[in-house]
Amino acid sequence: MLKKTFHAACKRNSLAPEATIQLLWLEIENNYTEEGRYYHTLEHLEHVITELKPVKKKIKDWDVLLFSIFYHDVIYYTLKRDNEEKSAAVAAQRLKKLGLSKERTEACQKQILATHKHVKNTDHDTNYFIDADLAILGKDEESYAQYVADIRKEYHMYPDVMYNNGRRAFMERFLAMDSIYNTPEFFTKYEEAARKNIENELKGKFELPKMAD
């Protein structure tokens with residue numbers, strides 16, 4: 001499904017040859033399936049698209065949003081803090097190959113950069129994108145527990161004490177927000193459950209894979 005979705009978006013917006021589109025897809029596929037990824041995978045991309053489909057009519061530029069989804073974690077190294085910036089740069093380079101306009105390319109870059117902090121944005125489409133990216137926080141307990149475990153495995157190189165302190169600070173930031181979700185649809189669907197899941201995680205309800213001390 002993902003490959004077809006990517007190819008279709010490219011075809012709607014570009015005269016690039018099939019070989020170019022195929023190479024772009026292979027790069028995405030290879031990056032999201034690289035060793036060490038447990039949550040930031042192709043499945044995550046599929047989940048984000050699935051979350052956005054019910055509100056597709058409210059999205060102003062669906063194809064730009066699709067490109068943002070495909071490229072927002074294309075670079076993901078847990079030891080680095082500039083993954084969003086590097087992913088946005090890759091997106092700009094690849095969309096240039098497709099001949100996408102400067103304005104739409106910059107919109108894509110801004111959407112990717114917005115996933116760094118997930119705070120309310122002035123751009124309508126960006127708010128839907130970052131809400132969908134955070135939809136996992138409001139899922140059922142089993143799905144949330146799997147998410148928590150997968151993220152821990154991605155950060156396996158950090159000892160438990162260091163990881164737990166960093167994770168707590170990161171999740172407490174969401175609880176301190178007036179609202180985690182910035183669109184009415186996602187707020188109604190996930191806000192209450194997300195806060196409950198995060199509170200339960202901070203209370204130690206979800207078992208983590210044991211890592212090195």
# chains A, B, ... in the order shown; residues from 1 in each chain; ligands from 1

$ residues_around --residues "segment 202-210 of chain A" --least-positions-apart "6" --cutoff "10 Å" --atoms "only C-alpha atoms" --output "list in words"
Glu141, Glu142, Tyr144, Ala145, Gln146, Val148, Ala149, Asp150, Ile151, Arg152, Lys153, His156, Pro159, Asp160, Asn164, Arg167, Arg168, Ala169, Met171, Glu172 and Lys196 of chain A

$ write_last_selection --atoms "N, CA and C atoms" --output "compact mmCIF listing (two decimals), in the first residue's frame"
# COMPACT_ATOMS: atom_id res chain seq x y z
N GLU A 141 -4.28 0.38 25.61
CA GLU A 141 -3.13 0.12 26.47
C GLU A 141 -2.12 -0.85 25.85
N GLU A 142 -2.62 -1.86 25.18
CA GLU A 142 -1.71 -2.85 24.56
C GLU A 142 -0.85 -2.19 23.49
N TYR A 144 -0.16 1.01 23.21
CA TYR A 144 0.73 1.98 23.85
C TYR A 144 1.91 1.28 24.51
N ALA A 145 1.64 0.16 25.17
CA ALA A 145 2.72 -0.59 25.82
C ALA A 145 3.75 -1.06 24.79
N GLN A 146 3.28 -1.49 23.62
CA GLN A 146 4.19 -1.92 22.56
C GLN A 146 5.02 -0.74 22.06
N VAL A 148 5.86 1.95 23.79
CA VAL A 148 6.84 2.25 24.84
C VAL A 148 8.03 1.30 24.76
N ALA A 149 7.74 0.01 24.58
CA ALA A 149 8.81 -0.99 24.49
C ALA A 149 9.66 -0.78 23.25
N ASP A 150 9.02 -0.47 22.13
CA ASP A 150 9.76 -0.27 20.88
C ASP A 150 10.68 0.94 20.94
N ILE A 151 10.19 2.02 21.55
CA ILE A 151 11.03 3.21 21.70
C ILE A 151 12.23 2.89 22.58
N ARG A 152 12.01 2.13 23.64
CA ARG A 152 13.13 1.77 24.52
C ARG A 152 14.17 0.98 23.75
N LYS A 153 13.73 0.08 22.89
CA LYS A 153 14.68 -0.73 22.11
C LYS A 153 15.46 0.14 21.13
N HIS A 156 18.46 1.60 22.95
CA HIS A 156 19.06 0.53 23.74
C HIS A 156 20.45 0.87 24.23
N PRO A 159 21.87 3.53 29.22
CA PRO A 159 21.55 2.77 30.43
C PRO A 159 20.18 3.18 30.97
N ASP A 160 19.57 2.31 31.74
CA ASP A 160 18.20 2.53 32.20
C ASP A 160 18.00 3.85 32.92
N ASN A 164 15.49 6.52 31.45
CA ASN A 164 14.25 6.78 32.20
C ASN A 164 14.11 8.24 32.57
N ARG A 167 13.28 10.11 29.29
CA ARG A 167 11.93 9.77 28.84
C ARG A 167 10.88 10.45 29.71
N ARG A 168 11.10 10.47 31.01
CA ARG A 168 10.15 11.11 31.92
C ARG A 168 10.02 12.60 31.60
N ALA A 169 11.13 13.27 31.40
CA ALA A 169 11.10 14.69 31.08
C ALA A 169 10.37 14.94 29.76
N MET A 171 8.02 13.03 28.32
CA MET A 171 6.58 12.77 28.42
C MET A 171 5.87 13.77 29.33
N GLU A 172 6.56 14.26 30.34
CA GLU A 172 5.95 15.26 31.21
C GLU A 172 5.66 16.56 30.45
N LYS A 196 -4.05 9.63 30.00
CA LYS A 196 -4.10 8.48 30.90
C LYS A 196 -2.92 7.54 30.63

$ select_by_dssp --residues "segment 171-200 of chain A" --states "helix (DSSP H, G or I)" --output "list in words"
Met171, Glu172, Arg173, Phe174, Leu175, Ala176, Pro184, Glu185, Phe186, Phe187, Thr188, Lys189, Tyr190, Glu191, Glu192, Ala193, Ala194, Arg195, Lys196, Asn197, Ile198, Glu199 and Asn200 of chain A

$ residues_around --residues "Glu46 of chain A" --least-positions-apart "4" --cutoff "7 Å" --atoms "only C-alpha atoms" --output "PDB file with N, CA and C atoms, in the first residue's frame"
ATOM      1  N   LEU A   2       1.910   1.270   0.833  1.00  0.00           N
ATOM      2  CA  LEU A   2       2.755   2.458   0.934  1.00  0.00           C
ATOM      3  C   LEU A   2       3.450   2.772  -0.388  1.00  0.00           C
ATOM      4  N   LEU A  42       8.218   1.495   8.529  1.00  0.00           N
ATOM      5  CA  LEU A  42       7.198   1.664   7.488  1.00  0.00           C
ATOM      6  C   LEU A  42       5.791   1.541   8.083  1.00  0.00           C
ATOM      7  N   THR A  50      -3.200   6.273   7.697  1.00  0.00           N
ATOM      8  CA  THR A  50      -4.511   5.737   8.071  1.00  0.00           C
ATOM      9  C   THR A  50      -5.254   6.704   8.988  1.00  0.00           C
TER      10      THR A  50
END

$ residues_around --residues "Ile130 of chain A" --least-positions-apart "3" --cutoff "10 Å" --atoms "only C-alpha atoms" --output "list of chain:residue names"
A:Val48, A:Ile69, A:Gln111, A:Ile112, A:Ala114, A:Thr115, A:His116, A:Lys117, A:His118, A:Val119, A:Lys120, A:Asn121, A:Asp125, A:Thr126, A:Asn127, A:Asp133, A:Leu134, A:Ala135, A:Ile180, A:Tyr181, A:Asn182, A:Thr183

$ residues_around --residues "Met157 of chain A" --least-positions-apart "4" --cutoff "12 Å" --atoms "only C-alpha atoms" --output "list in words"
Gly36, Tyr77, Thr78, Leu79, Ile151, Arg152, Lys153, Val161, Met162, Tyr163, Lys210, Met211, Ala212 and Asp213 of chain A

$ write_last_selection --atoms "N, CA and C atoms" --output "PDB file, in the first residue's frame"
ATOM      1  N   GLY A  36      17.808  -1.595  13.867  1.00  0.00           N
ATOM      2  CA  GLY A  36      17.722  -0.702  15.008  1.00  0.00           C
ATOM      3  C   GLY A  36      16.430   0.073  15.098  1.00  0.00           C
ATOM      4  N   TYR A  77      18.587   8.741  13.768  1.00  0.00           N
ATOM      5  CA  TYR A  77      19.680   8.199  14.574  1.00  0.00           C
ATOM      6  C   TYR A  77      19.463   8.647  16.015  1.00  0.00           C
ATOM      7  N   THR A  78      19.319   7.702  16.918  1.00  0.00           N
ATOM      8  CA  THR A  78      18.954   8.037  18.292  1.00  0.00           C
ATOM      9  C   THR A  78      20.056   8.798  19.023  1.00  0.00           C
ATOM     10  N   LEU A  79      21.274   8.763  18.522  1.00  0.00           N
ATOM     11  CA  LEU A  79      22.371   9.494  19.163  1.00  0.00           C
ATOM     12  C   LEU A  79      22.455  10.940  18.674  1.00  0.00           C
ATOM     13  N   ILE A 151      10.188   2.022  21.553  1.00  0.00           N
ATOM     14  CA  ILE A 151      11.029   3.208  21.696  1.00  0.00           C
ATOM     15  C   ILE A 151      12.233   2.893  22.580  1.00  0.00           C
ATOM     16  N   ARG A 152      12.007   2.135  23.644  1.00  0.00           N
ATOM     17  CA  ARG A 152      13.134   1.772  24.523  1.00  0.00           C
ATOM     18  C   ARG A 152      14.169   0.978  23.754  1.00  0.00           C
ATOM     19  N   LYS A 153      13.733   0.077  22.891  1.00  0.00           N
ATOM     20  CA  LYS A 153      14.679  -0.725  22.114  1.00  0.00           C
ATOM     21  C   LYS A 153      15.462   0.141  21.134  1.00  0.00           C
ATOM     22  N   VAL A 161      18.910   4.185  33.816  1.00  0.00           N
ATOM     23  CA  VAL A 161      18.746   5.416  34.599  1.00  0.00           C
ATOM     24  C   VAL A 161      18.730   6.636  33.685  1.00  0.00           C
ATOM     25  N   MET A 162      19.672   6.699  32.783  1.00  0.00           N
ATOM     26  CA  MET A 162      19.739   7.837  31.864  1.00  0.00           C
ATOM     27  C   MET A 162      18.511   7.892  30.967  1.00  0.00           C
ATOM     28  N   TYR A 163      18.129   6.730  30.435  1.00  0.00           N
ATOM     29  CA  TYR A 163      16.965   6.696  29.547  1.00  0.00           C
ATOM     30  C   TYR A 163      15.699   7.090  30.294  1.00  0.00           C
ATOM     31  N   LYS A 210      14.710  -4.868  29.431  1.00  0.00           N
ATOM     32  CA  LYS A 210      15.841  -4.582  30.302  1.00  0.00           C
ATOM     33  C   LYS A 210      17.080  -4.273  29.466  1.00  0.00           C
ATOM     34  N   MET A 211      17.719  -3.140  29.740  1.00  0.00           N
ATOM     35  CA  MET A 211      18.910  -2.747  29.011  1.00  0.00           C
ATOM     36  C   MET A 211      20.089  -2.678  29.973  1.00  0.00           C
ATOM     37  N   ALA A 212      21.227  -2.350  29.405  1.00  0.00           N
ATOM     38  CA  ALA A 212      22.451  -2.305  30.214  1.00  0.00           C
ATOM     39  C   ALA A 212      22.419  -1.161  31.211  1.00  0.00           C
ATOM     40  N   ASP A 213      23.028  -1.365  32.343  1.00  0.00           N
ATOM     41  CA  ASP A 213      23.146  -0.314  33.371  1.00  0.00           C
ATOM     42  C   ASP A 213      24.498   0.386  33.249  1.00  0.00           C
TER      43      ASP A 213
END

$ atom_distance --atom1 "atom CA of Leu137 of chain A" --atom2 "atom CA of Ala9 of chain A"
28.0 Å

$ residues_around --residues "Ser101 of chain A" --least-positions-apart "6" --cutoff "10 Å" --atoms "only C-alpha atoms" --output "list in words"
Asn13, Leu95 and Ala107 of chain A

$ write_last_selection --atoms "N, CA and C atoms" --output "compact mmCIF listing (two decimals), in the first residue's frame"
# COMPACT_ATOMS: atom_id res chain seq x y z
N ASN A 13 2.28 14.64 -9.35
CA ASN A 13 2.97 15.91 -9.17
C ASN A 13 4.28 16.04 -9.95
N LEU A 95 12.48 16.05 -3.49
CA LEU A 95 11.35 16.70 -4.15
C LEU A 95 11.81 17.59 -5.30
N ALA A 107 6.95 23.98 2.21
CA ALA A 107 5.84 23.58 3.08
C ALA A 107 6.10 22.20 3.67

$ atom_distance --atom1 "atom CA of Tyr190 of chain A" --atom2 "atom CA of Lys56 of chain A"
18.0 Å

$ closest_residue --among "A:Tyr76, A:Phe187, A:Trp25, A:Phe129" --to "Arg94 of chain A" --atoms "only C-alpha atoms"
A:Trp25

$ closest_residue --among "A:Leu100, A:Ile59, A:Ala176, A:Ala91" --to "His124 of chain A" --atoms "only C-alpha atoms"
A:Ile59

$ residues_around --residues "Phe174 of chain A" --least-positions-apart "4" --cutoff "9 Å" --atoms "only C-alpha atoms" --output "MDAnalysis selection string"
chainID A and resid 170 178:180 195 198

$ atom_distance --atom1 "atom CA of Glu85 of chain A" --atom2 "atom CA of Lys102 of chain A"
17.2 Å

$ closest_residue --among "A:His47, A:Arg173, A:Lys86, A:Lys57" --to "His72 of chain A" --atoms "only C-alpha atoms"
A:Lys86

$ closest_residue --among "A:Leu24, A:Ala92, A:Met1, A:Leu175" --to "Thr105 of chain A" --atoms "only C-alpha atoms"
A:Ala92

$ closest_residue --among "A:Leu45, A:Leu26, A:Leu98, A:Ile75" --to "Ile136 of chain A" --atoms "only C-alpha atoms"
A:Leu45

$ closest_residue --among "A:Ile49, A:Ala132, A:Ala16, A:Val64" --to "Lys97 of chain A" --atoms "only C-alpha atoms"
A:Ala16
